[in-house]
Amino acid sequence: MEITTEHGARTCGSCTLCCRLPEIETLAKPPDVLCRHCTGESCAIYADRPQLCRDFLCLWMTDGSLADHWQPLRSHMLVYEQGPQLTVLADPDHPGAWRKEPFASDLLRWTEEAERNGRYVVLFCGDDVTKIGAA
């Protein structure tokens with residue numbers, strides 16, 4: 001998949017974190033487990049994938065202002081919006097990635113901005129759920 005933003009084209013490339021990190025109930029896929037339809041490079045049922053998968057928008061793909069270090073395979077995190085919540089799914093194989101720079105500073109900045117607008121940032125990593133709070 002390729003999406004062109006005002007900052008240029010971004011592609012999923014070999015990233016399949018959206019096929020592994022989120023739970024997908026309609027496919028009976030638990031979180032942090034590779035979807036049985038993922039070939040390792042793409043989706044074997046892409047044309048017939050569930051609506052939830054069709055509607056999913058990885059923020060790195062859709063928001064060209066999101067820095068390149070947030071590319072999911074680089075950051076080990078998947079970022080997306082869910083109503084007032086900015087959701088960050090951290091790869092449990094890299095549980096401390098979100099605490100390192102430049103990610104920690106970005107998360108803090110996003111949290112401060114979110115709180116000013118009545119929103120919030122939540123990070124999921126394995127069984128851990130963390131509401132990121134501004135200092």
# chains A, B, ... in the order shown; residues from 1 in each chain; ligands from 1

$ select_by_dssp --residues "chain A" --states "alpha helix (DSSP H)" --output "list in words"
Gln51, Leu52, Cys53, Arg54, Asp55, Leu59, Trp60, Met61, Thr62, Pro72, Leu73, Arg74, Ser75, Phe103, Ala104, Ser105, Asp106, Leu107, Leu108, Arg109, Trp110, Thr111, Glu112, Glu113, Ala114, Glu115 and Arg116 of chain A

$ closest_atom_pairs --of "range 36-63 of chain A" --to "range 79-92 of chain A" --cutoff "12 Å" --atoms "only C-alpha atoms" --output "Markdown table"
| residue | atom | partner | partner_atom | distance |
| --- | --- | --- | --- | --- |
| A:Asp55 | CA | A:Tyr80 | CA | 11.2 |
| A:Phe56 | CA | A:Tyr80 | CA | 8.1 |
| A:Leu57 | CA | A:Tyr80 | CA | 6.4 |
| A:Cys58 | CA | A:Tyr80 | CA | 5.3 |
| A:Leu59 | CA | A:Tyr80 | CA | 5.0 |
| A:Trp60 | CA | A:Val79 | CA | 7.1 |
| A:Met61 | CA | A:Val79 | CA | 9.7 |
| A:Thr62 | CA | A:Tyr80 | CA | 9.4 |
| A:Asp63 | CA | A:Tyr80 | CA | 10.0 |

$ atom_distance --atom1 "CA of Cys38 in chain A" --atom2 "CA of Arg20 in chain A"
8.6 Å

$ closest_residue --among "A:Ala104, A:Cys125, A:Cys15, A:Leu66" --to "Gly40 in chain A" --atoms "only C-alpha atoms"
A:Cys15

$ residues_around --residues "range 97-100 of chain A" --least-positions-apart "3" --cutoff "12 Å" --atoms "only C-alpha atoms" --output "list of chain:residue names"
A:His69, A:Trp70, A:Pro72, A:Leu73, A:Arg74, A:Ser75, A:His76, A:Met77, A:Leu78, A:Val79, A:Val88, A:Leu89, A:Ala90, A:Asp91, A:Pro92, A:Asp93, A:His94, A:Phe103, A:Ala104, A:Ser105, A:Asp106, A:Leu107, A:Leu108, A:Val122, A:Leu123, A:Phe124, A:Cys125, A:Thr130, A:Ile132

$ closest_residue --among "A:Pro31, A:Gly133, A:Cys53, A:Ser14" --to "Trp110 in chain A" --atoms "only C-alpha atoms"
A:Gly133

$ closest_residue --among "A:Pro102, A:Val129, A:Thr11, A:Cys43" --to "Ala67 in chain A" --atoms "only C-alpha atoms"
A:Pro102

$ select_by_dssp --residues "chain A" --states "strand (DSSP E)" --output "ChimeraX atom specification"
/A:2-5,8-11,77-82,85-90,120-125,128-132

$ atom_distance --atom1 "CA of Asp68 in chain A" --atom2 "CA of Glu41 in chain A"
20.5 Å

$ atom_distance --atom1 "CA of Asp127 in chain A" --atom2 "CA of Leu34 in chain A"
16.3 Å
